[in-house]
file data_39.cif (mmCIF, C-alpha atoms)
data_final
#
loop_
_atom_site.label_atom_id
_atom_site.label_comp_id
_atom_site.auth_asym_id
_atom_site.auth_seq_id
_atom_site.Cartn_x
_atom_site.Cartn_y
_atom_site.Cartn_z
CA MET Y 183 12.61 -32.88 88.27
CA THR Y 184 11.20 -36.10 86.90
CA ALA Y 185 10.99 -37.20 83.29
CA GLU Y 186 8.17 -35.61 81.35
CA PHE Y 187 5.00 -37.62 81.24
CA SER Y 188 2.12 -37.46 78.80
CA TYR Y 189 -1.63 -37.72 79.21
CA ALA Y 190 -1.60 -41.29 77.90
CA ASP Y 191 0.88 -42.37 80.58
CA ILE Y 192 -1.34 -41.52 83.52
CA ALA Y 193 -3.80 -44.19 84.60
CA VAL Y 194 -7.01 -43.61 86.49
CA GLY Y 195 -6.28 -44.81 90.00
CA HIS Y 196 -2.74 -43.43 90.06
CA SER Y 197 -2.15 -42.00 93.52
CA PHE Y 198 0.71 -40.54 95.50
CA ASP Y 199 1.57 -38.79 98.74
CA GLY Y 200 2.20 -35.08 98.43
CA VAL Y 201 3.21 -32.37 100.85
CA LYS Y 202 3.62 -33.41 104.50
CA VAL Y 203 3.85 -30.64 107.07
CA ASP Y 204 4.44 -30.41 110.80
CA VAL Y 205 2.19 -27.49 111.71
CA THR Y 206 3.46 -25.07 114.35
CA ARG Y 207 2.16 -21.86 115.90
CA GLU Y 208 5.04 -20.03 114.28
CA MET Y 209 4.05 -21.37 110.86
CA ILE Y 210 0.45 -20.28 111.36
CA LYS Y 211 1.62 -16.83 112.47
CA GLU Y 212 3.91 -16.55 109.46
CA PHE Y 213 1.03 -17.50 107.15
CA ALA Y 214 -1.18 -14.91 108.89
CA MET Y 215 1.40 -12.23 108.15
CA ALA Y 216 2.13 -13.38 104.59
CA SER Y 217 -1.51 -13.87 103.56
CA PHE Y 218 -2.79 -10.81 105.48
CA ASP Y 219 -5.32 -12.95 107.35
CA ASN Y 220 -4.60 -12.10 110.98
CA ASN Y 221 -7.92 -13.31 112.37
CA PRO Y 222 -7.60 -13.94 116.14
CA LEU Y 223 -8.71 -17.55 115.52
CA HIS Y 224 -5.13 -18.08 114.42
CA TRP Y 225 -3.22 -16.54 117.35
CA ASP Y 226 -5.41 -15.51 120.30
CA ASP Y 227 -5.95 -18.24 122.92
CA ASP Y 228 -8.27 -16.05 125.00
CA PHE Y 229 -10.51 -15.49 121.98
CA ILE Y 230 -10.58 -19.23 121.27
CA ALA Y 231 -11.54 -19.94 124.90
CA GLU Y 232 -14.57 -17.67 124.71
CA THR Y 233 -15.72 -18.74 121.22
CA THR Y 234 -18.49 -21.35 121.09
CA PHE Y 235 -20.46 -22.37 117.99
CA ALA Y 236 -24.19 -23.01 117.80
CA ASN Y 237 -23.81 -26.76 118.25
CA GLY Y 238 -21.76 -26.23 121.42
CA LYS Y 239 -18.50 -27.08 119.69
CA LYS Y 240 -15.34 -25.19 120.49
CA PHE Y 241 -11.85 -25.23 119.07
CA ASP Y 242 -9.19 -26.77 121.33
CA THR Y 243 -6.55 -24.15 120.57
CA VAL Y 244 -5.78 -21.65 117.85
CA ILE Y 245 -6.32 -23.15 114.39
CA GLY Y 246 -4.43 -23.09 111.12
CA HIS Y 247 -5.99 -21.18 108.24
CA GLY Y 248 -8.14 -23.18 105.86
CA LEU Y 249 -6.28 -21.42 103.10
CA MET Y 250 -2.97 -22.60 104.55
CA THR Y 251 -4.16 -26.18 104.10
CA TYR Y 252 -5.45 -25.14 100.66
CA SER Y 253 -2.00 -23.83 99.76
CA PHE Y 254 -0.38 -27.16 100.73
CA MET Y 255 -2.86 -28.95 98.48
CA VAL Y 256 -2.09 -26.61 95.57
CA ARG Y 257 1.64 -26.96 96.23
CA THR Y 258 1.27 -30.74 95.93
CA MET Y 259 -0.35 -30.25 92.52
CA THR Y 260 2.25 -27.77 91.21
CA ASP Y 261 5.18 -29.85 92.50
CA TRP Y 262 3.75 -32.77 90.51
CA LEU Y 263 2.54 -31.03 87.36
CA TRP Y 264 4.79 -28.11 86.56
CA PRO Y 265 7.99 -30.08 85.88
CA ASP Y 266 5.95 -32.43 83.68
CA ASN Y 267 4.05 -30.19 81.29
CA GLY Y 268 0.93 -29.99 83.34
CA ASN Y 269 -0.89 -27.14 85.02
CA HIS Y 270 -2.96 -26.92 88.16
CA ARG Y 271 -6.25 -25.36 87.04
CA ARG Y 272 -8.81 -25.82 89.77
CA LEU Y 273 -9.21 -26.91 93.38
CA GLU Y 274 -12.41 -27.04 95.36
CA THR Y 275 -11.96 -27.83 99.03
CA ARG Y 276 -14.03 -28.60 102.05
CA PHE Y 277 -12.29 -27.86 105.34
CA ARG Y 278 -13.73 -30.65 107.48
CA SER Y 279 -11.83 -30.53 110.75
CA PRO Y 280 -9.56 -27.95 112.34
CA VAL Y 281 -5.79 -28.11 111.92
CA TYR Y 282 -4.01 -27.42 115.21
CA PRO Y 283 -0.42 -26.55 116.06
CA GLY Y 284 1.39 -29.84 116.68
CA ASP Y 285 -0.54 -31.67 113.97
CA THR Y 286 1.26 -33.36 111.12
CA ILE Y 287 -0.81 -33.18 107.97
CA GLN Y 288 -0.33 -35.19 104.81
CA VAL Y 289 -1.77 -34.43 101.38
CA ARG Y 290 -2.68 -37.37 99.14
CA VAL Y 291 -3.76 -37.25 95.49
CA GLU Y 292 -5.65 -39.81 93.44
CA VAL Y 293 -6.39 -39.52 89.73
CA GLN Y 294 -10.09 -40.38 89.65
CA ASP Y 295 -10.94 -39.76 86.01
CA LYS Y 296 -9.56 -38.52 82.71
CA ARG Y 297 -11.32 -36.50 80.08
CA GLU Y 298 -10.37 -35.03 76.75
CA THR Y 299 -12.37 -31.99 75.76
CA ARG Y 300 -12.27 -30.28 72.37
CA LYS Y 301 -9.25 -28.25 73.40
CA GLY Y 302 -7.75 -29.92 76.44
CA LYS Y 303 -6.66 -33.03 78.29
CA TRP Y 304 -7.77 -33.15 81.89
CA LEU Y 305 -7.13 -35.24 84.97
CA VAL Y 306 -9.87 -35.22 87.59
CA CYS Y 307 -8.11 -35.60 90.93
CA GLY Y 308 -9.37 -36.25 94.43
CA LEU Y 309 -7.28 -34.84 97.25
CA THR Y 310 -7.41 -35.73 100.91
CA VAL Y 311 -5.51 -34.20 103.80
CA THR Y 312 -5.21 -36.30 106.93
CA ASN Y 313 -3.63 -35.63 110.30
CA GLN Y 314 -1.48 -37.89 112.46
CA ARG Y 315 -4.61 -39.40 114.05
CA GLY Y 316 -5.89 -40.48 110.64
CA GLU Y 317 -8.64 -37.87 110.68
CA THR Y 318 -9.50 -36.21 107.38
CA VAL Y 319 -9.04 -32.48 107.86
CA SER Y 320 -9.73 -31.49 104.26
CA THR Y 321 -10.91 -32.99 101.00
CA GLY Y 322 -10.65 -31.48 97.56
CA ASP Y 323 -11.55 -31.90 93.92
CA ALA Y 324 -8.90 -30.72 91.51
CA LEU Y 325 -8.48 -30.41 87.77
CA ALA Y 326 -5.08 -30.78 86.18
CA GLU Y 327 -4.55 -29.86 82.55
CA ILE Y 328 -1.95 -31.92 80.71
CA LEU Y 329 -0.31 -30.12 77.83
CA ASN Y 330 1.00 -33.11 75.87
CA MET A 271 -4.45 3.56 98.87
CA SER A 272 -5.20 5.41 95.68
CA GLU A 273 -6.97 3.93 92.69
CA THR A 274 -3.72 4.06 90.76
CA SER A 275 -2.17 1.65 93.29
CA SER A 276 1.53 1.81 93.93
CA ALA A 277 3.40 -1.37 94.85
CA PHE A 278 1.80 -2.98 97.88
CA SER A 279 3.83 -3.72 100.98
CA ALA A 280 3.05 -5.18 104.39
CA GLU A 281 3.36 -1.67 105.88
CA ASP A 282 0.23 -0.72 103.94
CA PHE A 283 -1.81 -3.33 105.77
CA ASP A 284 -3.57 -2.96 109.13
CA TYR A 285 -3.25 -6.31 110.87
CA ASP A 286 -5.50 -5.28 113.78
CA PHE A 287 -8.77 -7.06 112.90
CA TRP A 288 -10.46 -5.80 116.09
CA LYS A 289 -10.20 -2.22 114.88
CA ASP A 290 -13.44 -1.12 113.20
CA ALA A 291 -14.94 -4.54 113.98
CA GLU A 292 -18.26 -2.92 114.90
CA LYS A 293 -18.47 -1.36 111.43
CA ARG A 294 -18.37 -4.70 109.66
CA ALA A 295 -21.50 -6.24 108.25
CA GLY A 296 -22.98 -9.07 110.30
CA TRP A 297 -24.88 -11.92 108.68
CA ASP A 298 -28.12 -9.89 108.76
CA ASP A 299 -26.48 -6.97 106.99
CA LEU A 300 -24.93 -8.90 104.11
CA GLU A 301 -26.69 -8.17 100.84
CA PRO A 302 -26.28 -11.10 98.42
CA GLY A 303 -25.25 -9.96 94.97
CA GLU A 304 -23.95 -6.55 96.05
CA VAL A 305 -20.31 -5.98 95.12
CA VAL A 306 -18.29 -4.74 98.10
CA GLU A 307 -15.69 -2.00 98.09
CA SER A 308 -12.20 -3.10 97.05
CA LYS A 309 -8.99 -1.55 95.80
CA PRO A 310 -6.39 -2.58 93.22
CA VAL A 311 -3.12 -3.95 94.56
CA THR A 312 0.19 -4.10 92.70
CA ILE A 313 2.00 -7.22 93.82
CA THR A 314 5.77 -7.32 94.21
CA ALA A 315 8.20 -10.24 94.02
CA ASN A 316 8.86 -9.59 97.71
CA ILE A 317 5.22 -10.15 98.72
CA ILE A 318 4.97 -13.24 96.49
CA GLN A 319 8.19 -14.69 97.91
CA ARG A 320 7.14 -14.03 101.50
CA TYR A 321 3.90 -15.88 100.82
CA ALA A 322 5.73 -18.78 99.14
CA ARG A 323 8.17 -19.07 102.08
CA SER A 324 5.29 -19.14 104.55
CA ILE A 325 3.97 -22.31 102.90
CA GLY A 326 7.44 -23.80 102.53
CA ASP A 327 7.25 -23.59 98.75
CA MET A 328 10.72 -22.69 97.49
CA ASN A 329 9.98 -23.37 93.82
CA PRO A 330 12.54 -21.38 91.79
CA LEU A 331 9.68 -20.18 89.55
CA TYR A 332 8.96 -17.69 92.35
CA PHE A 333 12.54 -16.79 93.27
CA ASP A 334 14.96 -17.22 90.37
CA GLU A 335 14.16 -14.97 87.44
CA GLU A 336 16.96 -16.30 85.23
CA TYR A 337 15.71 -19.84 85.73
CA ALA A 338 12.07 -18.85 85.30
CA LYS A 339 12.87 -17.22 81.95
CA THR A 340 14.09 -20.57 80.64
CA THR A 341 10.79 -22.31 81.45
CA ARG A 342 7.48 -22.30 79.59
CA PHE A 343 6.31 -19.60 82.02
CA GLY A 344 8.84 -17.14 80.60
CA GLY A 345 9.51 -15.39 83.91
CA LEU A 346 8.67 -15.25 87.58
CA ILE A 347 5.18 -16.31 88.64
CA SER A 348 3.44 -16.85 91.97
CA PRO A 349 1.91 -19.89 93.66
CA PRO A 350 -1.66 -20.44 92.37
CA SER A 351 -2.89 -20.14 95.97
CA ILE A 352 -1.66 -16.50 96.05
CA HIS A 353 -5.27 -15.33 95.78
CA ALA A 354 -5.60 -16.01 99.50
CA LEU A 355 -3.73 -12.78 100.15
CA PHE A 356 -5.70 -10.73 97.62
CA LEU A 357 -8.89 -11.53 99.56
CA PHE A 358 -7.47 -9.32 102.29
CA ALA A 359 -5.02 -7.01 100.49
CA CYS A 360 -7.67 -5.86 98.00
CA THR A 361 -10.53 -5.37 100.46
CA THR A 362 -11.11 -2.60 102.95
CA HIS A 363 -10.54 -2.89 106.69
CA ASP A 364 -14.27 -3.04 107.39
CA HIS A 365 -14.83 -5.98 105.01
CA PHE A 366 -16.66 -8.87 106.66
CA MET A 367 -13.95 -11.43 105.88
CA ARG A 368 -11.91 -9.79 108.67
CA THR A 369 -14.54 -10.16 111.36
CA PRO A 370 -12.89 -11.99 114.30
CA GLY A 371 -14.18 -15.56 114.40
CA THR A 372 -14.83 -15.91 110.65
CA VAL A 373 -14.21 -19.60 109.84
CA ASN A 374 -13.39 -20.62 106.26
CA MET A 375 -15.43 -23.74 105.42
CA GLY A 376 -14.32 -24.31 101.85
CA GLN A 377 -12.93 -22.66 98.76
CA ASN A 378 -12.88 -23.22 95.03
CA TRP A 379 -10.67 -21.34 92.66
CA TRP A 380 -10.30 -21.70 88.92
CA ILE A 381 -6.83 -20.62 87.78
CA GLN A 382 -6.83 -19.03 84.33
CA HIS A 383 -3.46 -17.24 84.27
CA PRO A 384 -0.51 -17.00 86.65
CA VAL A 385 -0.07 -13.83 88.69
CA ARG A 386 3.33 -12.23 88.11
CA PRO A 387 5.37 -9.68 90.03
CA GLY A 388 4.26 -6.20 88.98
CA ASP A 389 0.71 -7.27 88.17
CA THR A 390 -2.02 -5.02 89.50
CA ILE A 391 -4.87 -7.19 90.72
CA THR A 392 -8.41 -5.95 91.08
CA LEU A 393 -10.88 -8.03 93.06
CA THR A 394 -14.60 -8.06 92.47
CA ALA A 395 -16.01 -9.54 95.68
CA ARG A 396 -19.52 -10.09 96.88
CA CYS A 397 -21.60 -12.19 99.17
CA LEU A 398 -23.68 -14.37 96.85
CA ASP A 399 -25.93 -16.26 99.24
CA LYS A 400 -26.69 -16.68 102.95
CA VAL A 401 -27.46 -19.94 104.73
CA ILE A 402 -28.39 -21.16 108.21
CA ARG A 403 -27.40 -24.75 108.90
CA LYS A 404 -27.44 -26.59 112.24
CA GLY A 405 -27.94 -23.27 114.00
CA ASN A 406 -24.90 -21.59 112.47
CA THR A 407 -24.97 -18.73 109.97
CA PHE A 408 -22.94 -18.95 106.76
CA ALA A 409 -22.13 -16.66 103.85
CA ILE A 410 -21.28 -17.83 100.36
CA HIS A 411 -19.09 -15.39 98.49
CA ASP A 412 -17.69 -15.16 95.04
CA ASN A 413 -14.48 -13.54 93.94
CA VAL A 414 -13.18 -12.59 90.52
CA PHE A 415 -9.57 -11.45 90.21
CA ARG A 416 -8.46 -9.40 87.20
CA ASN A 417 -5.03 -8.11 86.23
CA GLN A 418 -4.04 -4.73 84.79
CA HIS A 419 -5.07 -5.89 81.30
CA ASP A 420 -8.60 -6.51 82.61
CA THR A 421 -7.97 -10.23 82.05
CA VAL A 422 -9.53 -12.56 84.60
CA VAL A 423 -6.69 -14.48 86.24
CA CYS A 424 -8.79 -16.44 88.75
CA SER A 425 -12.37 -16.82 89.83
CA GLY A 426 -14.12 -18.84 92.45
CA ARG A 427 -16.27 -19.13 95.51
CA GLY A 428 -15.82 -19.72 99.18
CA TRP A 429 -18.06 -20.06 102.18
CA THR A 430 -17.53 -18.90 105.72
CA MET A 431 -19.23 -19.50 109.02
CA ARG A 432 -20.18 -16.14 110.48
CA PRO A 433 -19.57 -15.33 114.15
CA TYR A 434 -22.63 -13.04 114.19
#
call {"tool": "encode", "arguments": {"input": "data_39.cif", "output": "structure tokens"}}
result
Amino acid sequence: MTAEFSYADIAVGHSFDGVKVDVTREMIKEFAMASFDNNPLHWDDDFIAETTFANGKKFDTVIGHGLMTYSFMVRTMTDWLWPDNGNHRRLETRFRSPVYPGDTIQVRVEVQDKRETRKGKWLVCGLTVTNQRGETVSTGDALAEILN
Amino acid sequence: MSETSSAFSAEDFDYDFWKDAEKRAGWDDLEPGEVVESKPVTITANIIQRYARSIGDMNPLYFDEEYAKTTRFGGLISPPSIHALFLFACTTHDHFMRTPGTVNMGQNWWIQHPVRPGDTITLTARCLDKVIRKGNTFAIHDNVFRNQHDTVVCSGRGWTMRPY
């Protein structure tokens, strides 16, 4: 728990590293069970081998769920906001590259804008998730509501 | 599952996505705007905690009721990404999200209220639009999640690349 912050304390441009995860097959399988998304993309190597997309691209191995990456992005927001009188209100993601077992992915947040509406105080946040090769696997636009 | 929905457990769920695969709508069959069949699901602390563990999120707001009562949330809640599981728990086995090879391209969810243990969540789900881009077929879908008080807890859209 950190000290409570207020809307006025947070500057546009503030950024920080969030959740960092070493992705494993076991983790992907556990997420498949817990989220009820057991698509063979996430566990079946034979299915991956025979799956080709229209542009000729194929996945290298089984992939992590987009919503698993999404959940790490949301977790970064709640870890930051909930102890400090803020709430995670929205996240829009684009899953840009696959996440594979063996990857280490890192969420990063930047406060890009602030806006007071008639009834709320909002931080407009840009999220990026990169892997150990520096590739961006996901980007996101989030809204945080600050309560004080 | 009946409409009155008892507490949902993993035993209620058929993890075999190949089963009934031929019954699922392909891209051609999807009818934008038509609401698909779904069923209400009553979520337990156990299901919420299993989900939280799977993403390594051990926030006591999901696990420690005594602690949670002392916070502004007033009791146990769930991670705001919990709606991932309702996409599957609330839909039928022949829903197109389960088609093997479905790739999630992006997701946006607006969080209005936290989901709590004991809540019964109803999902209104539909394909909203269909796209072909660079030779691949995509569906855009929207999802509205309501609790037992008919209050919207979350709404948003996602888009998937369709395998056929």
call {"tool": "resolve_selection", "arguments": {"input": "data_39.cif", "expression": "the PyMOL selection byres ((chain Y) within 9 of (chain A))", "output": "MDAnalysis selection string"}}
result
chainID Y and resid 203 209:210 212:223 229:230 233 235:237 247:250 252:254 256:257 260:261 267 270:278 320 322:323 325
call {"tool": "residues_around", "arguments": {"input": "data_39.cif", "residues": "Thr206 of chain Y", "least_positions_apart": "3", "cutoff": "9 Å", "atoms": "all atoms listed in the file", "output": "PyMOL selection string"}}
result
chain Y and resi 209-211+246+282-285
call {"tool": "resolve_selection", "arguments": {"input": "data_39.cif", "expression": "the PyMOL selection byres ((chain A and resi 365) around 12)", "output": "compact mmCIF listing (two decimals) with C-alpha atoms, in the frame of the given file"}}
result
# COMPACT_ATOMS: atom_id res chain seq x y z
CA PHE A 287 -8.77 -7.06 112.90
CA TRP A 288 -10.46 -5.80 116.09
CA LYS A 289 -10.20 -2.22 114.88
CA ASP A 290 -13.44 -1.12 113.20
CA ALA A 291 -14.94 -4.54 113.98
CA GLU A 292 -18.26 -2.92 114.90
CA LYS A 293 -18.47 -1.36 111.43
CA ARG A 294 -18.37 -4.70 109.66
CA ALA A 295 -21.50 -6.24 108.25
CA GLY A 296 -22.98 -9.07 110.30
CA ASP A 299 -26.48 -6.97 106.99
CA LEU A 300 -24.93 -8.90 104.11
CA VAL A 305 -20.31 -5.98 95.12
CA VAL A 306 -18.29 -4.74 98.10
CA GLU A 307 -15.69 -2.00 98.09
CA SER A 308 -12.20 -3.10 97.05
CA LYS A 309 -8.99 -1.55 95.80
CA LEU A 357 -8.89 -11.53 99.56
CA PHE A 358 -7.47 -9.32 102.29
CA ALA A 359 -5.02 -7.01 100.49
CA CYS A 360 -7.67 -5.86 98.00
CA THR A 361 -10.53 -5.37 100.46
CA THR A 362 -11.11 -2.60 102.95
CA HIS A 363 -10.54 -2.89 106.69
CA ASP A 364 -14.27 -3.04 107.39
CA PHE A 366 -16.66 -8.87 106.66
CA MET A 367 -13.95 -11.43 105.88
CA ARG A 368 -11.91 -9.79 108.67
CA THR A 369 -14.54 -10.16 111.36
CA PRO A 370 -12.89 -11.99 114.30
CA THR A 372 -14.83 -15.91 110.65
CA ALA A 395 -16.01 -9.54 95.68
CA ARG A 396 -19.52 -10.09 96.88
CA CYS A 397 -21.60 -12.19 99.17
call {"tool": "residues_near_point", "arguments": {"input": "data_39.cif", "point": "(10.1, -11.3, 88.6)", "cutoff": "12 Å", "atoms": "all atoms listed in the file", "output": "short mmCIF file (atom, residue, chain, number, x, y, z; two decimals) with C-alpha atoms, in the coordinates of the input"}}
result
data_model
loop_
_atom_site.label_atom_id
_atom_site.label_comp_id
_atom_site.auth_asym_id
_atom_site.auth_seq_id
_atom_site.Cartn_x
_atom_site.Cartn_y
_atom_site.Cartn_z
CA ILE A 313 2.00 -7.22 93.82
CA THR A 314 5.77 -7.32 94.21
CA ALA A 315 8.20 -10.24 94.02
CA ASN A 316 8.86 -9.59 97.71
CA ILE A 317 5.22 -10.15 98.72
CA ILE A 318 4.97 -13.24 96.49
CA GLN A 319 8.19 -14.69 97.91
CA PRO A 330 12.54 -21.38 91.79
CA LEU A 331 9.68 -20.18 89.55
CA TYR A 332 8.96 -17.69 92.35
CA PHE A 333 12.54 -16.79 93.27
CA ASP A 334 14.96 -17.22 90.37
CA GLU A 335 14.16 -14.97 87.44
CA GLU A 336 16.96 -16.30 85.23
CA TYR A 337 15.71 -19.84 85.73
CA ALA A 338 12.07 -18.85 85.30
CA LYS A 339 12.87 -17.22 81.95
CA PHE A 343 6.31 -19.60 82.02
CA GLY A 344 8.84 -17.14 80.60
CA GLY A 345 9.51 -15.39 83.91
CA LEU A 346 8.67 -15.25 87.58
CA ILE A 347 5.18 -16.31 88.64
CA SER A 348 3.44 -16.85 91.97
CA VAL A 385 -0.07 -13.83 88.69
CA ARG A 386 3.33 -12.23 88.11
CA PRO A 387 5.37 -9.68 90.03
CA GLY A 388 4.26 -6.20 88.98
CA ASP A 389 0.71 -7.27 88.17
#
call {"tool": "atom_distance", "arguments": {"input": "data_39.cif", "atom1": "atom CA of Thr234 of chain Y", "atom2": "atom CA of Ser279 of chain Y"}}
result
15.3 Å
call {"tool": "resolve_selection", "arguments": {"input": "data_39.cif", "expression": "the PyMOL selection byres ((chain A and resi 398-401) around 6)", "output": "number ranges by chain"}}
result
A: 302-303, 396-397, 402, 407-411
call {"tool": "closest_residue", "arguments": {"input": "data_39.cif", "among": "Y:Asp227, Y:Val281, Y:Asp266, Y:Gln294", "to": "Gln314 of chain Y", "atoms": "all atoms listed in the file"}}
result
Y:Val281
call {"tool": "atom_distance", "arguments": {"input": "data_39.cif", "atom1": "atom CA of Asn313 of chain Y", "atom2": "atom CA of Leu263 of chain Y"}}
result
24.2 Å
call {"tool": "atom_distance", "arguments": {"input": "data_39.cif", "atom1": "atom CA of Gln418 of chain A", "atom2": "atom CA of Asp282 of chain A"}}
result
20.0 Å
call {"tool": "closest_residue", "arguments": {"input": "data_39.cif", "among": "Y:Pro280, Y:Val289, Y:Pro265, Y:Gly238", "to": "Lys202 of chain Y", "atoms": "only C-alpha atoms"}}
result
Y:Val289
call {"tool": "residues_around", "arguments": {"input": "data_39.cif", "residues": "segment 295-312 of chain Y", "least_positions_apart": "4", "cutoff": "8 Å", "atoms": "all atoms listed in the file", "output": "PDB file with C-alpha atoms, in the coordinates of the input"}}
result
ATOM      1  CA  TYR Y 189      -1.630 -37.720  79.210  1.00  0.00           C
ATOM      2  CA  VAL Y 194      -7.010 -43.610  86.490  1.00  0.00           C
ATOM      3  CA  GLY Y 195      -6.280 -44.810  90.000  1.00  0.00           C
ATOM      4  CA  MET Y 255      -2.860 -28.950  98.480  1.00  0.00           C
ATOM      5  CA  ILE Y 287      -0.810 -33.180 107.970  1.00  0.00           C
ATOM      6  CA  GLN Y 288      -0.330 -35.190 104.810  1.00  0.00           C
ATOM      7  CA  VAL Y 289      -1.770 -34.430 101.380  1.00  0.00           C
ATOM      8  CA  ARG Y 290      -2.680 -37.370  99.140  1.00  0.00           C
ATOM      9  CA  VAL Y 291      -3.760 -37.250  95.490  1.00  0.00           C
ATOM     10  CA  GLY Y 316      -5.890 -40.480 110.640  1.00  0.00           C
ATOM     11  CA  GLU Y 317      -8.640 -37.870 110.680  1.00  0.00           C
ATOM     12  CA  THR Y 318      -9.500 -36.210 107.380  1.00  0.00           C
ATOM     13  CA  VAL Y 319      -9.040 -32.480 107.860  1.00  0.00           C
ATOM     14  CA  SER Y 320      -9.730 -31.490 104.260  1.00  0.00           C
ATOM     15  CA  THR Y 321     -10.910 -32.990 101.000  1.00  0.00           C
ATOM     16  CA  GLY Y 322     -10.650 -31.480  97.560  1.00  0.00           C
ATOM     17  CA  ASP Y 323     -11.550 -31.900  93.920  1.00  0.00           C
ATOM     18  CA  ALA Y 324      -8.900 -30.720  91.510  1.00  0.00           C
ATOM     19  CA  LEU Y 325      -8.480 -30.410  87.770  1.00  0.00           C
ATOM     20  CA  ALA Y 326      -5.080 -30.780  86.180  1.00  0.00           C
ATOM     21  CA  GLU Y 327      -4.550 -29.860  82.550  1.00  0.00           C
ATOM     22  CA  ILE Y 328      -1.950 -31.920  80.710  1.00  0.00           C
ATOM     23  CA  LEU Y 329      -0.310 -30.120  77.830  1.00  0.00           C
TER      24      LEU Y 329
END
